[in-house]
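Chemist: There's a structure below that I have some questions on.
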Amino acid sequence: MNPTPTGAQSPSDHVDPVAHDARDTTASAKIRPGRSRRSGRRANASMIIGAGLVVLIVGLALISFVWTPYDPTTIDPAARLQSSSLTHPFGTDTFGRDTLTWVMVGARITLLVGVVAVGIALLIGTPIGIISAFFAKQPWGMWLDAVIMRANDILLAFPALLLAIIFAAVYSPGTGPAMVAVGIAAIPGFARVARSGTLQVLGSEYVRAARASNRRIPAIAVVHVLPNIAGMVIVQASVAFAISVLAEAGLSFLGLGTQAPTPSWGRMLQESQQYLSTHPELALWPGVFIALAVLGFNLLGDGLRDRFDPKMEARGA
């Protein structure tokens with residue numbers, strides 16, 4: 001009997017290096033697609049949380065059109081300054097009005113100011129940015145681009161509060177002048193974002209091909225530029241909405257925004273100042289909902305930015 005040499009392997013124990021590498025490669029190929037699919041399905045936490053908070057605020061505003069716990073104009077002196085209870089979950093204010101009702105109705109004003117202000121800024125600022133970028137690409141139009149951007153910088157120096165004071169001096173304080181002031185103050189942000197995105201698009205091959213085929217500038221702007229900068233503009237709109245919420249609350253707090261008897265979160269904060277030491281809940285609830293609205297739109301903007309920016313998505317995968 002010939003003893004088996006030490007270290008000898010049976011045919012079943014023999015491993016072909018080439019076949020082994022091939023099996024590893026095949027196994028890796030089977031794992032990677034699943035892993036990439038899991039990464040692709042991974043939820044964007046910022047966008048989900050932000051969208052949830054925005055839905056909460058929008059839901060409060062929509063529900064207030066069909067139902068509120070009490071009539072927002074009802075005054076009950078016997079129920080003034082009550083703490084939270086089953087009949088008044090958020091308590092009552094100095095006039096006996098239900099605080100929850102005022103928070104719900106105040107969400108309408110917040111969203112109305114945001115929608116109108118962002119709409120004004122988007123409809124004016126985006127075309128300005130696109131036109132400025134087209135001028136910047138023309139040798140004869142560079143000076144026009146410089147003039148537009150310097151005018152944009154001058155407007156950027158006027159915050160919404162200062163514009164609201166000017167509008168209040170010319171007109172009477174109210175929701176309308178506040179919306180216009182916040183919208184005008186937000187125009188420079190949209191113009192800069194649109195200009196930056198348009199300059200990137202104008203350097204692409206398909207835009208050069210469109211120019212070589214003698215397509216007109218308006219057609220290039222509508223067909224090629226707008227669809228490619230839409231993501232950037234949407235992100236800017238979400239961020240501008242958060243700024244509008246703060247601006248409306250600040251203007252109403254100073255008496256330059258929504259006037260009595262219309263409910264407003266900012267005015268609720270202003271009316272609660274003299275009761276902070278005895279009834280701090282009067283300032284708590286409007287402050288909480290202002291913070292939730294601002295946080296929601298900011299988180300939604302961050303999530304949308306990550307979704308629309310391929311580089312950010314690649315880093316997060």
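Naming works like this for the structure tokens: A, B, ... for the chains as they're shown, residue 1 at the start of each chain, ligands 1 onward in shown order.
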Quick one: pick out all alpha helix (DSSP H) residues within stretch 52-189 of chain A from a backbone DSSP run and write them as an NGL selection string.
Modeler: :A and (52-66 or 99-136 or 142-156 or 160-170 or 175-189)
Chemist: Pick out the residues sitting within 12 Å of A:Leu246, and hand them over as a count of residues only; count only C-alpha atoms, and ignore anything fewer than 5 positions along from it in its own chain.
Modeler: 29
Chemist: Report the distance between atom CA of A:Leu282 and atom CA of A:Leu112 in Å, rounded to one decimal place.
Modeler: 23.3 Å
Chemist: In Å, with one decimal, what is the gap from atom CA of A:Leu284 to atom CA of A:Ile243?
Modeler: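 Separating atom CA of A:Leu284 from atom CA of A:Ile243 is a distance of 20.2 Å.
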Chemist: Fewer than 5 positions away in the same chain doesn't count, so skip those; otherwise give me all residues within 9 Å of A:Gly303, counting only C-alpha atoms, as a PyMOL selection string.
Modeler: chain A and resi 44-48+50+235+298+308
Chemist: Name the residues in contact with A:Gly96 at a cut-off of 9 Å, using only C-alpha atoms, excluding same-chain residues fewer than 4 positions from it; report them as a PDB file with N, CA and C atoms, in the first residue's frame.
Modeler:
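around-v6.pdb, written as the output of this step:
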```pdb
ATOM      1  N   THR A  74     -65.661  84.156  17.056  1.00  0.00           N
ATOM      2  CA  THR A  74     -66.441  84.134  18.298  1.00  0.00           C
ATOM      3  C   THR A  74     -65.571  84.551  19.481  1.00  0.00           C
ATOM      4  N   ILE A  75     -66.068  85.485  20.274  1.00  0.00           N
ATOM      5  CA  ILE A  75     -65.376  85.955  21.476  1.00  0.00           C
ATOM      6  C   ILE A  75     -66.183  85.532  22.695  1.00  0.00           C
ATOM      7  N   ASP A  76     -65.506  84.864  23.643  1.00  0.00           N
ATOM      8  CA  ASP A  76     -66.165  84.390  24.860  1.00  0.00           C
ATOM      9  C   ASP A  76     -65.355  84.864  26.069  1.00  0.00           C
ATOM     10  N   PRO A  77     -65.675  86.022  26.619  1.00  0.00           N
ATOM     11  CA  PRO A  77     -64.891  86.537  27.756  1.00  0.00           C
ATOM     12  C   PRO A  77     -64.851  85.590  28.944  1.00  0.00           C
ATOM     13  N   ALA A  78     -65.877  84.784  29.117  1.00  0.00           N
ATOM     14  CA  ALA A  78     -65.901  83.870  30.261  1.00  0.00           C
ATOM     15  C   ALA A  78     -64.877  82.749  30.114  1.00  0.00           C
ATOM     16  N   ALA A  79     -64.392  82.497  28.867  1.00  0.00           N
ATOM     17  CA  ALA A  79     -63.456  81.389  28.626  1.00  0.00           C
ATOM     18  C   ALA A  79     -62.049  81.893  28.339  1.00  0.00           C
ATOM     19  N   ARG A  80     -61.746  83.134  28.653  1.00  0.00           N
ATOM     20  CA  ARG A  80     -60.449  83.693  28.298  1.00  0.00           C
ATOM     21  C   ARG A  80     -59.315  83.073  29.115  1.00  0.00           C
ATOM     22  N   LEU A  81     -58.178  82.909  28.442  1.00  0.00           N
ATOM     23  CA  LEU A  81     -56.935  82.438  29.060  1.00  0.00           C
ATOM     24  C   LEU A  81     -57.086  81.093  29.763  1.00  0.00           C
ATOM     25  N   GLN A  82     -57.831  80.194  29.145  1.00  0.00           N
ATOM     26  CA  GLN A  82     -57.946  78.851  29.696  1.00  0.00           C
ATOM     27  C   GLN A  82     -56.776  77.987  29.225  1.00  0.00           C
ATOM     28  N   GLY A  91     -56.060  75.485  24.417  1.00  0.00           N
ATOM     29  CA  GLY A  91     -56.409  76.581  25.302  1.00  0.00           C
ATOM     30  C   GLY A  91     -57.116  77.702  24.562  1.00  0.00           C
ATOM     31  N   THR A  92     -57.258  78.844  25.248  1.00  0.00           N
ATOM     32  CA  THR A  92     -57.901  80.023  24.654  1.00  0.00           C
ATOM     33  C   THR A  92     -57.010  81.245  24.850  1.00  0.00           C
TER      34      THR A  92
END
```
Chemist: Please measure the separation of atom CA of A:Ala168 and atom CA of A:Leu62, giving the value in Å to one decimal.
Modeler: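 Spanning atom CA of A:Ala168 to atom CA of A:Leu62 is a straight-line distance of 29.4 Å.
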Chemist: Applying 12 Å and only C-alpha atoms, which residues near A:Ile109 remain after dropping the ones on its own chain fewer than 3 positions away? List them as a CSV table (one decimal) with all heavy atoms, in the first residue's frame.
Modeler:
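Saved the output as around.csv:
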```csv
chain,number,residue,atom,x,y,z
A,57,ILE,N,-49.2,70.9,7.5
A,57,ILE,CA,-49.6,72.3,7.4
A,57,ILE,C,-50.7,72.5,6.4
A,57,ILE,O,-51.7,73.2,6.6
A,57,ILE,CB,-48.4,73.2,7.1
A,57,ILE,CG1,-47.3,73.0,8.2
A,57,ILE,CG2,-48.8,74.7,7.1
A,57,ILE,CD1,-47.8,73.3,9.6
A,58,VAL,N,-50.5,71.9,5.2
A,58,VAL,CA,-51.5,72.1,4.1
A,58,VAL,C,-52.8,71.4,4.6
A,58,VAL,O,-53.9,72.0,4.3
A,58,VAL,CB,-51.0,71.5,2.8
A,58,VAL,CG1,-52.1,71.5,1.8
A,58,VAL,CG2,-49.8,72.2,2.3
A,60,LEU,N,-54.0,71.2,7.6
A,60,LEU,CA,-54.7,72.0,8.6
A,60,LEU,C,-55.4,73.2,7.9
A,60,LEU,O,-56.6,73.5,8.2
A,60,LEU,CB,-53.7,72.6,9.6
A,60,LEU,CG,-53.2,71.7,10.7
A,60,LEU,CD1,-52.1,72.5,11.5
A,60,LEU,CD2,-54.3,71.3,11.6
A,61,ALA,N,-54.8,73.7,6.9
A,61,ALA,CA,-55.4,74.9,6.1
A,61,ALA,C,-56.6,74.4,5.3
A,61,ALA,O,-57.6,75.1,5.3
A,61,ALA,CB,-54.3,75.5,5.2
A,62,LEU,N,-56.5,73.2,4.7
A,62,LEU,CA,-57.7,72.7,3.9
A,62,LEU,C,-58.8,72.4,4.8
A,62,LEU,O,-60.0,72.6,4.5
A,62,LEU,CB,-57.2,71.6,3.1
A,62,LEU,CG,-56.2,71.9,2.0
A,62,LEU,CD1,-55.8,70.6,1.2
A,62,LEU,CD2,-56.7,72.9,1.0
A,64,SER,N,-59.6,73.6,7.6
A,64,SER,CA,-60.2,74.8,8.2
A,64,SER,C,-61.2,75.4,7.3
A,64,SER,O,-62.1,76.2,7.8
A,64,SER,CB,-59.1,75.8,8.6
A,64,SER,OG,-58.5,76.4,7.4
A,102,TRP,N,-57.6,79.2,15.7
A,102,TRP,CA,-56.8,80.2,15.1
A,102,TRP,C,-55.6,79.7,14.5
A,102,TRP,O,-55.1,80.2,13.5
A,102,TRP,CB,-56.5,81.3,16.2
A,102,TRP,CG,-57.5,82.4,16.2
A,102,TRP,CD1,-58.8,82.2,16.4
A,102,TRP,CD2,-57.2,83.8,16.1
A,102,TRP,NE1,-59.4,83.5,16.3
A,102,TRP,CE2,-58.5,84.4,16.1
A,102,TRP,CE3,-56.1,84.5,15.9
A,102,TRP,CZ2,-58.6,85.8,16.0
A,102,TRP,CZ3,-56.2,85.9,15.7
A,102,TRP,CH2,-57.4,86.5,15.8
A,103,VAL,N,-55.0,78.6,15.0
A,103,VAL,CA,-53.8,78.0,14.4
A,103,VAL,C,-54.2,77.4,13.0
A,103,VAL,O,-53.5,77.6,12.1
A,103,VAL,CB,-53.2,76.9,15.3
A,103,VAL,CG1,-52.3,76.0,14.6
A,103,VAL,CG2,-52.5,77.5,16.5
A,104,MET,N,-55.4,76.8,13.0
A,104,MET,CA,-55.8,76.2,11.7
A,104,MET,C,-56.1,77.2,10.7
A,104,MET,O,-55.7,77.1,9.5
A,104,MET,CB,-57.1,75.3,12.0
A,104,MET,CG,-56.8,74.1,12.8
A,104,MET,SD,-58.3,73.2,13.2
A,104,MET,CE,-58.8,72.6,11.6
A,105,VAL,N,-56.8,78.3,11.1
A,105,VAL,CA,-57.2,79.3,10.1
A,105,VAL,C,-55.9,80.1,9.7
A,105,VAL,O,-55.8,80.6,8.6
A,105,VAL,CB,-58.3,80.2,10.7
A,105,VAL,CG1,-58.6,81.3,9.7
A,105,VAL,CG2,-59.5,79.4,11.0
A,106,GLY,N,-55.0,80.3,10.7
A,106,GLY,CA,-53.8,81.0,10.4
A,106,GLY,C,-52.9,80.3,9.4
A,106,GLY,O,-52.1,81.0,8.7
A,112,LEU,N,-51.1,81.1,1.8
A,112,LEU,CA,-51.5,82.1,0.8
A,112,LEU,C,-50.3,83.1,0.5
A,112,LEU,O,-50.0,83.3,-0.6
A,112,LEU,CB,-52.7,82.9,1.3
A,112,LEU,CG,-53.1,84.1,0.4
A,112,LEU,CD1,-53.6,83.5,-1.0
A,112,LEU,CD2,-54.3,84.9,1.0
A,113,VAL,N,-49.7,83.6,1.6
A,113,VAL,CA,-48.6,84.5,1.4
A,113,VAL,C,-47.4,83.8,0.7
A,113,VAL,O,-46.8,84.3,-0.2
A,113,VAL,CB,-48.1,85.1,2.8
A,113,VAL,CG1,-46.8,85.8,2.6
A,113,VAL,CG2,-49.2,85.9,3.4
A,114,GLY,N,-47.2,82.5,1.1
A,114,GLY,CA,-46.1,81.8,0.5
A,114,GLY,C,-46.3,81.5,-1.0
A,114,GLY,O,-45.4,81.7,-1.8
A,115,VAL,N,-47.5,81.1,-1.3
A,115,VAL,CA,-47.8,80.8,-2.7
A,115,VAL,C,-47.7,82.0,-3.6
A,115,VAL,O,-47.1,82.0,-4.7
A,115,VAL,CB,-49.2,80.1,-2.8
A,115,VAL,CG1,-49.7,80.1,-4.3
A,115,VAL,CG2,-49.2,78.7,-2.2
A,116,VAL,N,-48.3,83.1,-3.2
A,116,VAL,CA,-48.3,84.3,-4.0
A,116,VAL,C,-46.9,84.9,-4.1
A,116,VAL,O,-46.4,85.3,-5.1
A,116,VAL,CB,-49.3,85.4,-3.4
A,116,VAL,CG1,-49.2,86.7,-4.1
A,116,VAL,CG2,-50.7,84.8,-3.4
A,117,ALA,N,-46.2,85.0,-2.9
A,117,ALA,CA,-44.9,85.5,-2.9
A,117,ALA,C,-43.9,84.7,-3.8
A,117,ALA,O,-43.1,85.2,-4.6
A,117,ALA,CB,-44.3,85.6,-1.5
A,174,GLY,N,-51.1,95.4,5.4
A,174,GLY,CA,-52.1,94.3,5.1
A,174,GLY,C,-51.4,93.1,4.5
A,174,GLY,O,-50.2,93.1,4.2
A,175,THR,N,-52.2,92.1,4.2
A,175,THR,CA,-51.7,90.9,3.7
A,175,THR,C,-51.2,91.1,2.2
A,175,THR,O,-50.1,90.5,1.8
A,175,THR,CB,-52.7,89.8,3.7
A,175,THR,OG1,-53.2,89.6,5.0
A,175,THR,CG2,-52.2,88.4,3.2
A,176,GLY,N,-51.9,91.9,1.4
A,176,GLY,CA,-51.5,92.1,0.1
A,176,GLY,C,-50.2,92.7,-0.1
A,176,GLY,O,-49.3,92.2,-0.8
A,178,ALA,N,-47.8,92.8,2.0
A,178,ALA,CA,-46.8,91.9,2.6
A,178,ALA,C,-46.4,90.8,1.6
A,178,ALA,O,-45.2,90.5,1.4
A,178,ALA,CB,-47.3,91.2,3.9
A,179,MET,N,-47.4,90.3,0.9
A,179,MET,CA,-47.1,89.3,-0.2
A,179,MET,C,-46.3,89.8,-1.3
A,179,MET,O,-45.3,89.2,-1.7
A,179,MET,CB,-48.4,88.7,-0.7
A,179,MET,CG,-49.2,87.9,0.2
A,179,MET,SD,-50.7,87.1,-0.5
A,179,MET,CE,-51.7,88.5,-1.0
A,244,SER,N,-40.6,82.7,3.1
A,244,SER,CA,-41.9,83.5,3.1
A,244,SER,C,-42.7,83.3,4.4
A,244,SER,O,-43.3,84.2,4.9
A,244,SER,CB,-42.7,83.1,1.9
A,244,SER,OG,-42.0,83.4,0.7
A,245,VAL,N,-42.7,82.1,4.9
A,245,VAL,CA,-43.4,81.8,6.1
A,245,VAL,C,-42.8,82.6,7.3
A,245,VAL,O,-43.5,83.3,8.1
A,245,VAL,CB,-43.3,80.3,6.5
A,245,VAL,CG1,-43.8,80.0,7.9
A,245,VAL,CG2,-44.0,79.5,5.5
A,248,GLU,N,-43.6,86.4,6.6
A,248,GLU,CA,-45.0,86.8,6.9
A,248,GLU,C,-45.3,86.8,8.5
A,248,GLU,O,-45.9,87.7,9.0
A,248,GLU,CB,-46.0,85.7,6.3
A,248,GLU,CG,-47.5,86.1,6.4
A,248,GLU,CD,-48.1,85.8,7.7
A,248,GLU,OE1,-47.6,84.8,8.4
A,248,GLU,OE2,-49.1,86.5,8.1
A,249,ALA,N,-44.7,85.9,9.2
A,249,ALA,CA,-44.8,85.9,10.6
A,249,ALA,C,-44.2,87.1,11.2
A,249,ALA,O,-44.7,87.8,12.1
A,249,ALA,CB,-44.2,84.6,11.2
A,252,SER,N,-46.3,90.3,10.4
A,252,SER,CA,-47.5,90.3,11.2
A,252,SER,C,-47.2,90.6,12.6
A,252,SER,O,-48.0,91.3,13.3
A,252,SER,CB,-48.3,89.0,11.1
A,252,SER,OG,-48.7,88.7,9.7
A,257,GLY,N,-48.2,93.2,8.5
A,257,GLY,CA,-48.7,92.1,7.7
A,257,GLY,C,-50.2,92.0,7.9
A,257,GLY,O,-50.9,93.0,7.8
A,258,THR,N,-50.7,90.8,8.1
A,258,THR,CA,-52.1,90.5,8.3
A,258,THR,C,-52.7,91.3,9.5
A,258,THR,O,-52.1,91.3,10.6
A,258,THR,CB,-52.4,89.0,8.5
A,258,THR,OG1,-51.8,88.3,7.4
A,258,THR,CG2,-53.8,88.7,8.5
A,259,GLN,N,-53.8,92.0,9.2
A,259,GLN,CA,-54.4,92.8,10.3
A,259,GLN,C,-55.6,92.1,10.9
A,259,GLN,O,-56.2,91.2,10.4
A,259,GLN,CB,-54.9,94.1,9.7
A,259,GLN,CG,-53.7,94.9,9.0
A,259,GLN,CD,-52.7,95.4,10.0
A,259,GLN,OE1,-53.0,96.1,11.0
A,259,GLN,NE2,-51.4,94.9,9.7
A,262,THR,N,-58.3,89.0,11.1
A,262,THR,CA,-57.9,87.8,10.4
A,262,THR,C,-56.8,87.1,11.2
A,262,THR,O,-55.9,87.7,11.6
A,262,THR,CB,-57.4,88.2,9.0
A,262,THR,OG1,-58.4,88.9,8.3
A,262,THR,CG2,-57.0,86.9,8.2
A,263,PRO,N,-57.0,85.8,11.5
A,263,PRO,CA,-56.0,85.0,12.2
A,263,PRO,C,-54.7,85.0,11.5
A,263,PRO,O,-54.6,84.8,10.3
A,263,PRO,CB,-56.6,83.6,12.4
A,263,PRO,CG,-58.1,83.8,12.2
A,263,PRO,CD,-58.2,85.0,11.2
A,264,SER,N,-53.6,85.1,12.3
A,264,SER,CA,-52.2,85.0,11.7
A,264,SER,C,-51.3,84.6,12.8
A,264,SER,O,-51.4,85.0,14.0
A,264,SER,CB,-51.8,86.4,11.2
A,264,SER,OG,-50.4,86.4,10.9
A,265,TRP,N,-50.4,83.6,12.5
A,265,TRP,CA,-49.5,83.1,13.5
A,265,TRP,C,-48.6,84.2,14.1
A,265,TRP,O,-48.3,84.2,15.2
A,265,TRP,CB,-48.6,82.0,12.8
A,265,TRP,CG,-49.4,80.8,12.5
A,265,TRP,CD1,-50.7,80.5,12.9
A,265,TRP,CD2,-49.0,79.7,11.7
A,265,TRP,NE1,-51.1,79.2,12.4
A,265,TRP,CE2,-50.1,78.7,11.7
A,265,TRP,CE3,-47.8,79.4,11.0
A,265,TRP,CZ2,-50.0,77.6,10.9
A,265,TRP,CZ3,-47.7,78.2,10.3
A,265,TRP,CH2,-48.8,77.3,10.2
A,266,GLY,N,-48.1,85.1,13.2
A,266,GLY,CA,-47.3,86.2,13.7
A,266,GLY,C,-48.0,87.1,14.6
A,266,GLY,O,-47.4,87.5,15.7
A,267,ARG,N,-49.2,87.4,14.3
A,267,ARG,CA,-50.0,88.3,15.2
A,267,ARG,C,-50.3,87.6,16.5
A,267,ARG,O,-50.5,88.2,17.6
A,267,ARG,CB,-51.2,88.9,14.5
A,267,ARG,CG,-51.7,90.2,15.1
A,267,ARG,CD,-52.5,90.9,14.1
A,267,ARG,NE,-53.5,90.1,13.5
A,267,ARG,CZ,-54.7,89.7,14.1
A,267,ARG,NH1,-54.9,90.2,15.3
A,267,ARG,NH2,-55.6,89.0,13.5
A,290,ILE,N,-45.0,77.6,13.3
A,290,ILE,CA,-44.1,78.4,12.4
A,290,ILE,C,-42.8,77.6,12.2
A,290,ILE,O,-42.3,77.5,11.1
A,290,ILE,CB,-43.8,79.8,13.0
A,290,ILE,CG1,-45.1,80.7,12.9
A,290,ILE,CG2,-42.7,80.4,12.3
A,290,ILE,CD1,-44.9,82.0,13.7
```
Chemist: With only C-alpha atoms counted and 8 Å as the cut-off, give the residues of stretch 42-131 of chain A in contact with stretch 189-197 of chain A, each with its shortest interatomic distance in Å and the pair that gives it, as CSV.
Modeler:
```
residue,atom,partner,partner_atom,distance
A:Ala121,CA,A:Phe190,CA,6.7
A:Leu122,CA,A:Phe190,CA,6.2
A:Gly125,CA,A:Ala191,CA,4.3
A:Thr126,CA,A:Ala191,CA,5.2
A:Pro127,CA,A:Ala191,CA,7.4
A:Ile128,CA,A:Ala191,CA,5.7
A:Gly129,CA,A:Ala191,CA,4.1
A:Ile130,CA,A:Arg195,CA,5.3
A:Ile131,CA,A:Arg195,CA,7.8
```
Chemist: Any chance you could export the current selection's N, CA and C atoms as a PDB file, in the first residue's frame?
Modeler:
```
ATOM      1  N   ALA A 121     -42.008  85.789  -7.365  1.00  0.00           N
ATOM      2  CA  ALA A 121     -40.556  85.671  -7.537  1.00  0.00           C
ATOM      3  C   ALA A 121     -40.196  84.711  -8.659  1.00  0.00           C
ATOM      4  N   LEU A 122     -40.933  83.598  -8.750  1.00  0.00           N
ATOM      5  CA  LEU A 122     -40.628  82.606  -9.794  1.00  0.00           C
ATOM      6  C   LEU A 122     -40.944  83.145 -11.187  1.00  0.00           C
ATOM      7  N   GLY A 125     -38.363  86.306 -11.601  1.00  0.00           N
ATOM      8  CA  GLY A 125     -36.934  86.035 -11.459  1.00  0.00           C
ATOM      9  C   GLY A 125     -36.397  85.012 -12.443  1.00  0.00           C
ATOM     10  N   THR A 126     -37.165  83.959 -12.726  1.00  0.00           N
ATOM     11  CA  THR A 126     -36.682  82.914 -13.640  1.00  0.00           C
ATOM     12  C   THR A 126     -36.458  83.447 -15.051  1.00  0.00           C
ATOM     13  N   PRO A 127     -37.416  84.160 -15.672  1.00  0.00           N
ATOM     14  CA  PRO A 127     -37.131  84.724 -17.004  1.00  0.00           C
ATOM     15  C   PRO A 127     -35.962  85.711 -16.992  1.00  0.00           C
ATOM     16  N   ILE A 128     -35.831  86.485 -15.928  1.00  0.00           N
ATOM     17  CA  ILE A 128     -34.701  87.425 -15.858  1.00  0.00           C
ATOM     18  C   ILE A 128     -33.383  86.665 -15.877  1.00  0.00           C
ATOM     19  N   GLY A 129     -33.294  85.595 -15.114  1.00  0.00           N
ATOM     20  CA  GLY A 129     -32.066  84.809 -15.091  1.00  0.00           C
ATOM     21  C   GLY A 129     -31.755  84.165 -16.427  1.00  0.00           C
ATOM     22  N   ILE A 130     -32.784  83.635 -17.105  1.00  0.00           N
ATOM     23  CA  ILE A 130     -32.567  82.996 -18.414  1.00  0.00           C
ATOM     24  C   ILE A 130     -32.116  84.027 -19.435  1.00  0.00           C
ATOM     25  N   ILE A 131     -32.782  85.179 -19.466  1.00  0.00           N
ATOM     26  CA  ILE A 131     -32.408  86.226 -20.429  1.00  0.00           C
ATOM     27  C   ILE A 131     -30.994  86.706 -20.165  1.00  0.00           C
TER      28      ILE A 131
END
```
Chemist: Got a sec: who's within 12 Å of A:Thr87, counting only C-alpha atoms, leaving out chain neighbours fewer than 5 positions off, as an MDAnalysis selection string?
Modeler: chainID A and resid 69:70 79 82 92 97:101
Chemist: Using only C-alpha atoms, which of the listed residues (A:Ser272, A:Asp153, A:Thr198, A:Pro173) sits closest to A:Ser132?
Modeler: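 The shortest atom-to-atom distance to A:Ser132 comes from A:Thr198.
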